[in-house]
>>> print(open('my_file15.json').read())   # JSON, C-alpha atoms and all ligand atoms
[["chain", "number", "residue", "atom", "x", "y", "z"],
["A", 4, "MET", "CA", 0.00, 0.00, 0.00],
["A", 5, "ASP", "CA", 1.44, 3.31, -1.08],
["A", 6, "THR", "CA", -1.18, 5.47, 0.59],
["A", 7, "LYS", "CA", -2.67, 5.62, 4.07],
["A", 8, "ARG", "CA", -5.20, 7.88, 5.76],
["A", 9, "PHE", "CA", -4.08, 10.07, 8.65],
["A", 10, "HIS", "CA", -5.93, 12.52, 10.86],
["A", 11, "VAL", "CA", -5.56, 16.16, 9.90],
["A", 12, "GLY", "CA", -4.13, 16.78, 13.41],
["A", 13, "THR", "CA", -1.39, 14.21, 12.83],
["A", 14, "ILE", "CA", -0.48, 15.86, 9.53],
["A", 15, "CYS", "CA", -0.36, 19.28, 11.21],
["A", 16, "THR", "CA", 1.75, 17.84, 14.05],
["A", 17, "VAL", "CA", 4.44, 16.82, 11.55],
["A", 18, "ALA", "CA", 4.06, 19.89, 9.34],
["A", 19, "PHE", "CA", 4.42, 22.40, 12.17],
["A", 20, "ASP", "CA", 6.55, 20.24, 14.49],
["A", 21, "ARG", "CA", 4.25, 20.77, 17.47],
["A", 22, "LEU", "CA", 1.74, 18.45, 19.06],
["A", 23, "LEU", "CA", -1.66, 19.18, 17.51],
["A", 24, "ASP", "CA", -2.97, 15.63, 17.45],
["A", 25, "PRO", "CA", -6.08, 14.53, 19.39],
["A", 26, "PHE", "CA", -4.57, 11.04, 19.58],
["A", 27, "GLY", "CA", -1.30, 12.08, 21.23],
["A", 28, "ILE", "CA", 2.26, 11.77, 20.05],
["A", 29, "SER", "CA", 2.38, 8.22, 18.65],
["A", 30, "PRO", "CA", 0.48, 8.76, 15.35],
["A", 31, "LYS", "CA", 3.22, 11.22, 14.39],
["A", 32, "ASN", "CA", 5.80, 8.42, 14.44],
["A", 33, "VAL", "CA", 3.45, 6.12, 12.53],
["A", 34, "LEU", "CA", 3.02, 8.80, 9.86],
["A", 35, "LEU", "CA", 6.77, 9.45, 9.55],
["A", 36, "ASP", "CA", 7.56, 5.74, 9.45],
["A", 37, "PHE", "CA", 4.88, 5.18, 6.81],
["A", 38, "MET", "CA", 6.06, 8.03, 4.57],
["A", 39, "LEU", "CA", 9.65, 6.79, 4.82],
["A", 40, "ASP", "CA", 8.68, 3.17, 4.20],
["A", 41, "GLY", "CA", 9.66, 1.90, 7.64],
["A", 42, "GLN", "CA", 12.94, 3.77, 7.83],
["A", 43, "LEU", "CA", 12.23, 6.31, 10.56],
["A", 44, "LYS", "CA", 14.74, 4.67, 12.93],
["A", 45, "LYS", "CA", 17.40, 4.52, 10.25],
["A", 46, "PHE", "CA", 17.14, 8.20, 9.29],
["A", 47, "GLY", "CA", 16.51, 9.50, 12.80],
["A", 48, "MET", "CA", 13.78, 11.85, 13.99],
["A", 49, "GLU", "CA", 15.31, 15.18, 12.93],
["A", 50, "LEU", "CA", 16.04, 14.25, 9.32],
["A", 51, "SER", "CA", 12.77, 12.30, 8.98],
["A", 52, "LEU", "CA", 10.74, 15.25, 10.20],
["A", 53, "LYS", "CA", 12.45, 17.67, 7.84],
["A", 54, "GLU", "CA", 12.05, 15.36, 4.84],
["A", 55, "CYS", "CA", 8.40, 14.51, 5.52],
["A", 56, "ARG", "CA", 7.42, 18.12, 6.20],
["A", 57, "LEU", "CA", 8.60, 19.16, 2.72],
["A", 58, "HIS", "CA", 6.48, 16.43, 1.13],
["A", 59, "LEU", "CA", 3.42, 17.22, 3.24],
["A", 60, "PHE", "CA", 3.56, 20.91, 2.29],
["A", 61, "ASP", "CA", 3.83, 19.79, -1.31],
["A", 62, "ALA", "CA", 0.86, 17.40, -1.06],
["A", 63, "PHE", "CA", -1.31, 19.78, 0.99],
["A", 64, "PRO", "CA", -0.53, 23.35, -0.13],
["A", 65, "TRP", "CA", -3.19, 24.73, 2.25],
["A", 66, "LEU", "CA", -0.78, 23.96, 5.13],
["A", 67, "LYS", "CA", 1.08, 27.14, 4.15],
["A", 68, "THR", "CA", -1.98, 29.21, 5.00],
["A", 69, "VAL", "CA", -2.66, 27.65, 8.42],
["A", 70, "ASN", "CA", -2.16, 29.97, 11.32],
["A", 71, "HIS", "CA", -1.29, 28.06, 14.50],
["A", 72, "SER", "CA", 0.69, 30.70, 16.35],
["A", 73, "GLY", "CA", -2.02, 31.74, 18.80],
["A", 74, "LEU", "CA", -3.02, 28.17, 19.49],
["A", 75, "ARG", "CA", -3.10, 27.03, 23.12],
["A", 76, "LEU", "CA", -4.22, 23.81, 24.77],
["A", 77, "LYS", "CA", -7.55, 25.36, 25.77],
["A", 78, "ASN", "CA", -8.55, 26.18, 22.19],
["A", 79, "LEU", "CA", -6.99, 23.14, 20.52],
["A", 80, "ASP", "CA", -10.29, 21.22, 20.29],
["A", 81, "ALA", "CA", -12.07, 24.09, 18.57],
["A", 82, "TRP", "CA", -9.12, 24.61, 16.23],
["A", 83, "LEU", "CA", -9.06, 20.89, 15.32],
["A", 84, "SER", "CA", -12.82, 20.89, 14.68],
["A", 85, "ALA", "CA", -12.39, 23.81, 12.31],
["A", 86, "MET", "CA", -9.52, 22.05, 10.53],
["A", 87, "GLU", "CA", -11.60, 18.88, 10.16],
["A", 88, "LYS", "CA", -14.46, 20.89, 8.75],
["A", 89, "ILE", "CA", -12.35, 22.75, 6.20],
["A", 90, "HIS", "CA", -9.85, 20.09, 5.13],
["A", 91, "GLY", "CA", -11.45, 16.81, 6.16],
["A", 92, "GLN", "CA", -10.95, 14.62, 9.21],
["A", 93, "PHE", "CA", -8.71, 12.00, 7.61],
["A", 94, "LEU", "CA", -6.49, 12.71, 4.61],
["A", 95, "VAL", "CA", -4.71, 10.39, 2.22],
["A", 96, "VAL", "CA", -0.93, 10.49, 2.58],
["A", 97, "ARG", "CA", 1.41, 9.02, 0.01],
["A", 98, "LYS", "CA", 4.60, 7.11, 0.74],
["A", 99, "ILE", "CA", 7.72, 8.91, -0.52],
["A", 100, "GLU", "CA", 9.60, 7.09, -3.23],
["A", 101, "PRO", "CA", 13.33, 7.04, -2.36],
["A", 102, "LYS", "CA", 14.17, 8.68, -5.69],
["A", 103, "ASN", "CA", 12.05, 11.64, -4.58],
["A", 104, "TYR", "CA", 13.81, 12.23, -1.28],
["A", 105, "ILE", "CA", 14.82, 15.86, -1.02],
["A", 106, "LEU", "CA", 17.15, 15.95, 1.99],
["A", 107, "ILE", "CA", 18.15, 12.30, 2.23],
["A", 108, "PRO", "CA", 20.79, 11.86, -0.46],
["A", 109, "LEU", "CA", 21.53, 8.62, -2.24],
["A", 110, "ALA", "CA", 25.05, 7.23, -1.95],
["A", 111, "ILE", "CA", 26.24, 5.45, -5.08],
["A", 112, "SER", "CA", 29.50, 3.77, -6.03],
["A", 113, "VAL", "CA", 32.12, 5.57, -8.06],
["A", 114, "ASP", "CA", 31.71, 2.97, -10.83],
["A", 115, "ASP", "CA", 27.96, 3.56, -11.05],
["A", 116, "ALA", "CA", 28.47, 7.32, -11.05],
["A", 117, "ARG", "CA", 30.90, 6.99, -13.98],
["A", 118, "GLU", "CA", 28.62, 4.69, -15.91],
["A", 119, "TYR", "CA", 25.14, 6.00, -15.18],
["A", 120, "GLY", "CA", 25.67, 9.60, -14.11],
["A", 121, "CYS", "CA", 23.46, 11.40, -11.64],
["A", 122, "PRO", "CA", 21.20, 8.93, -9.77],
["A", 123, "TYR", "CA", 18.26, 11.32, -10.08],
["A", 124, "CYS", "CA", 18.37, 12.64, -13.65],
["A", 125, "GLY", "CA", 21.15, 10.66, -15.33],
["A", 126, "ALA", "CA", 23.19, 13.75, -16.25],
["A", 127, "GLU", "CA", 26.61, 12.58, -17.33],
["A", 128, "PHE", "CA", 28.54, 15.17, -15.43],
["A", 129, "PHE", "CA", 31.30, 13.55, -13.51],
["A", 130, "PRO", "CA", 34.36, 15.56, -12.60],
["A", 131, "LEU", "CA", 36.69, 12.66, -12.05],
["A", 132, "ASN", "CA", 39.47, 14.92, -10.85],
["A", 133, "LEU", "CA", 37.45, 15.74, -7.75],
["A", 134, "LEU", "CA", 37.86, 12.17, -6.65],
["A", 135, "LEU", "CA", 41.58, 12.00, -7.22],
["A", 136, "TRP", "CA", 42.70, 13.83, -4.14],
["A", 137, "GLY", "CA", 41.62, 11.12, -1.79],
["A", 138, "GLY", "CA", 39.01, 10.48, 0.82],
["A", 139, "ASP", "CA", 36.38, 7.80, 0.90],
["A", 140, "CYS", "CA", 33.44, 9.71, -0.41],
["A", 141, "GLN", "CA", 32.52, 12.88, -2.20],
["A", 142, "SER", "CA", 29.40, 14.96, -2.06],
["A", 143, "MET", "CA", 28.25, 15.89, -5.57],
["A", 144, "LEU", "CA", 25.87, 18.60, -6.72],
["A", 145, "CYS", "CA", 24.28, 17.78, -10.07],
["A", 146, "PRO", "CA", 24.32, 20.87, -12.31],
["A", 147, "GLN", "CA", 21.32, 19.61, -14.27],
["A", 148, "CYS", "CA", 18.77, 18.71, -11.58],
["A", 149, "ASN", "CA", 20.46, 20.61, -8.75],
["A", 150, "ARG", "CA", 20.27, 17.68, -6.34],
["A", 151, "THR", "CA", 23.00, 16.37, -4.10],
["A", 152, "TYR", "CA", 24.21, 12.80, -3.98],
["A", 153, "ILE", "CA", 27.21, 11.06, -2.52],
["A", 154, "VAL", "CA", 29.79, 9.09, -4.44],
["A", 155, "LEU", "CA", 31.57, 6.33, -2.51],
["A", 156, "TYR", "CA", 34.95, 4.92, -3.44],
["A", 157, "GLN", "CA", 35.31, 1.25, -4.27],
["A", 158, "GLY", "CA", 34.90, -0.91, -1.17],
["A", 159, "VAL", "CA", 33.27, 1.87, 0.87],
["A", 160, "THR", "CA", 29.80, 0.83, 1.99],
["A", 161, "LYS", "CA", 28.72, 3.83, 4.00],
["A", 162, "SER", "CA", 29.13, 7.57, 3.64],
["A", 163, "PHE", "CA", 31.50, 9.23, 6.05],
["A", 164, "LEU", "CA", 29.65, 12.45, 5.34],
["A", 165, "GLU", "CA", 26.88, 12.91, 7.84],
["A", 166, "ILE", "CA", 23.46, 14.37, 7.09],
["A", 167, "LEU", "CA", 21.78, 15.16, 10.42],
["A", 168, "SER", "CA", 23.44, 12.13, 12.02],
["A", 169, "TYR", "CA", 22.52, 9.86, 9.11],
["A", 170, "HIS", "CA", 25.27, 8.24, 7.05],
["A", 171, "PRO", "CA", 23.82, 7.19, 3.68],
["A", 172, "PRO", "CA", 24.74, 3.58, 2.90],
["A", 173, "LEU", "CA", 25.77, 2.40, -0.57],
["A", 174, "SER", "CA", 22.68, 2.06, -2.76],
["A", 175, "PRO", "CA", 22.32, 0.48, -6.17],
["A", 176, "HIS", "CA", 22.11, 3.12, -8.90],
["A", 177, "PRO", "CA", 18.40, 3.59, -9.70],
["A", 178, "ARG", "CA", 19.18, 3.96, -13.38],
["A", 179, "ARG", "CA", 21.15, 0.72, -13.67],
["A", 180, "LYS", "CA", 19.49, -1.58, -16.14],
["A", 181, "LYS", "CA", 18.38, -4.85, -14.63],
["A", 182, "THR", "CA", 19.86, -7.77, -16.52],
["A", 183, "SER", "CA", 19.74, -11.48, -15.89],
["A", 184, "ASP", "CA", 22.85, -12.17, -17.94],
["A", 185, "PRO", "CA", 25.65, -12.81, -15.42],
["A", 186, "THR", "CA", 28.37, -12.42, -18.05],
["A", 187, "THR", "CA", 27.78, -8.74, -18.69],
["A", 188, "ASP", "CA", 30.01, -6.12, -17.18],
["A", 189, "VAL", "CA", 27.13, -4.69, -15.17],
["A", 190, "ASP", "CA", 26.27, -7.92, -13.47],
["A", 191, "MET", "CA", 29.88, -8.81, -12.77],
["A", 192, "ARG", "CA", 30.22, -5.56, -10.88],
["A", 193, "ILE", "CA", 27.02, -6.16, -8.95],
["A", 194, "VAL", "CA", 28.26, -9.60, -7.92],
["A", 195, "GLY", "CA", 31.57, -8.21, -6.74],
["A", 196, "ARG", "CA", 30.15, -5.32, -4.79],
["A", 197, "VAL", "CA", 29.88, -5.23, -1.06],
["A", 198, "THR", "CA", 26.49, -3.95, -0.01],
["A", 199, "THR", "CA", 25.11, -3.10, 3.36],
["B", 1, "ZN", "ZN", 20.86, 15.21, -11.72]]
>>> encode(input="my_file15.json", output="C-alpha cells", more="lines below")
Ligand SMILES: [Zn+2]
Amino acid sequence: MDTKRFHVGTICTVAFDRLLDPFGISPKNVLLDFMLDGQLKKFGMELSLKECRLHLFDAFPWLKTVNHSGLRLKNLDAWLSAMEKIHGQFLVVRKIEPKNYILIPLAISVDDAREYGCPYCGAEFFPLNLLLWGGDCQSMLCPQCNRTYIVLYQGVTKSFLEILSYHPPLSPHPRRKKTSDPTTDVDMRIVGRVTT
C-alpha cells in the first residue's frame, strides 16, 4: 500500500513540528515511518521530520496558509474541529519514493556514477578529478537537476559524510538496467560489490 489515511491533526503535528494531534504523540511516528517506508529509525527523527514536512507541504498546499501561532491547549479542540471541517478529518498520505527524497541523499558507487551519471536525472557530469585527491566519499551537486548525492569509493559501503546524524549507505544506482545475464560487465560488478 502506497497510501494511508491520517488525521488532519497528525499531519499538522508533523508539518508544524508541534503536538496538535487529538490522539497524542504516537500517530506522528506512525506517519513518519509510513512516509519513509519503515525507515524512521534509520534516518533519525530530525532528518525524517524535515524530509516529511517538505512532502506534506507539497501534497497539501493549504498547510502554508494555516495559522497556528495563537493556538493554546484550551482552544486546541475548537481549532481541530475547524480544521476537520475545512480540510477533512482524515487525509490520504502518500509514501515517498526514495528517488524523490529531497534531503536524504543517495550514496552510489564511483563505478555507477561513472557509468550512469546522476542517480536522479542521469546527467553525465562527472568531474573525475574531484575524486583523485583522496578520501572515501565525495558529495556531488548535479548541475542539471540541482540535487545532491554522494559518491563512494570502491569498497566503501557507507558515507563518512553525515546528514543530520545519518550516514547514507551504498545504494544500487536507480538507473542501472536490470539484466539477468551474469556475463555482462554490469552484473559482474554487482556480484563483486559489497552492499550493506
Ligand atoms: Zn541530476
>>> residues_around(input="my_file15.json", residues="stretch 52-66 of chain A", least_positions_apart="5", cutoff="7 Å", atoms="all atoms listed in the file", output="PyMOL selection string")
chain A and resi 17-18+35+38+105-106
>>> residues_around(input="my_file15.json", residues="A:Leu39", least_positions_apart="5", cutoff="10 Å", atoms="all atoms listed in the file", output="ChimeraX atom specification")
/A:33-34,44-46,51,54-55,97-101,104
>>> residues_around(input="my_file15.json", residues="A:Cys148", least_positions_apart="6", cutoff="10 Å", atoms="all atoms listed in the file", output="PDB file with C-alpha atoms, in the coordinates of the input")
ATOM      1  CA  CYS A 121      23.460  11.400 -11.640  1.00  0.00           C
ATOM      2  CA  TYR A 123      18.260  11.320 -10.080  1.00  0.00           C
ATOM      3  CA  CYS A 124      18.370  12.640 -13.650  1.00  0.00           C
ATOM      4  CA  GLY A 125      21.150  10.660 -15.330  1.00  0.00           C
ATOM      5  CA  ALA A 126      23.190  13.750 -16.250  1.00  0.00           C
TER       6      ALA A 126
END
>>> residues_near_ligand(input="my_file15.json", ligand="ligand ZN 1 (chain B)", cutoff="12 Å", atoms="only C-alpha atoms and all ligand atoms", output="ChimeraX atom specification")
/A:102-103,108-109,116,119-129,143-153,178
>>> closest_residue(input="my_file15.json", among="A:Pro30, A:Phe19, A:Ala110, A:Val11", to="A:Asn70", atoms="only C-alpha atoms")
A:Phe19
>>> residues_around(input="my_file15.json", residues="stretch 81-94 of chain A", least_positions_apart="5", cutoff="8 Å", atoms="all atoms listed in the file", output="PyMOL selection string")
chain A and resi 8-12+23+74
>>> write_last_selection(input="my_file15.json", atoms="C-alpha atoms", output="PDB file, in the coordinates of the input")
ATOM      1  CA  ARG A   8      -5.200   7.880   5.760  1.00  0.00           C
ATOM      2  CA  PHE A   9      -4.080  10.070   8.650  1.00  0.00           C
ATOM      3  CA  HIS A  10      -5.930  12.520  10.860  1.00  0.00           C
ATOM      4  CA  VAL A  11      -5.560  16.160   9.900  1.00  0.00           C
ATOM      5  CA  GLY A  12      -4.130  16.780  13.410  1.00  0.00           C
ATOM      6  CA  LEU A  23      -1.660  19.180  17.510  1.00  0.00           C
ATOM      7  CA  LEU A  74      -3.020  28.170  19.490  1.00  0.00           C
TER       8      LEU A  74
END
>>> atom_distance(input="my_file15.json", atom1="atom CA of A:Val154", atom2="atom CA of A:His176")
10.7 Å
>>> residues_around(input="my_file15.json", residues="A:Val159", least_positions_apart="3", cutoff="9 Å", atoms="all atoms listed in the file", output="number ranges by chain")
A: 112, 139-140, 155-156, 162, 172-173, 197-198
>>> write_last_selection(input="my_file15.json", atoms="C-alpha atoms", output="PDB file, in the coordinates of the input")
ATOM      1  CA  SER A 112      29.500   3.770  -6.030  1.00  0.00           C
ATOM      2  CA  ASP A 139      36.380   7.800   0.900  1.00  0.00           C
ATOM      3  CA  CYS A 140      33.440   9.710  -0.410  1.00  0.00           C
ATOM      4  CA  LEU A 155      31.570   6.330  -2.510  1.00  0.00           C
ATOM      5  CA  TYR A 156      34.950   4.920  -3.440  1.00  0.00           C
ATOM      6  CA  SER A 162      29.130   7.570   3.640  1.00  0.00           C
ATOM      7  CA  PRO A 172      24.740   3.580   2.900  1.00  0.00           C
ATOM      8  CA  LEU A 173      25.770   2.400  -0.570  1.00  0.00           C
ATOM      9  CA  VAL A 197      29.880  -5.230  -1.060  1.00  0.00           C
ATOM     10  CA  THR A 198      26.490  -3.950  -0.010  1.00  0.00           C
TER      11      THR A 198
END
>>> atom_distance(input="my_file15.json", atom1="atom CA of A:Lys67", atom2="atom CA of A:Ile166")
25.9 Å
>>> atom_distance(input="my_file15.json", atom1="atom CA of A:Asp36", atom2="atom CA of A:Asp80")
26.0 Å
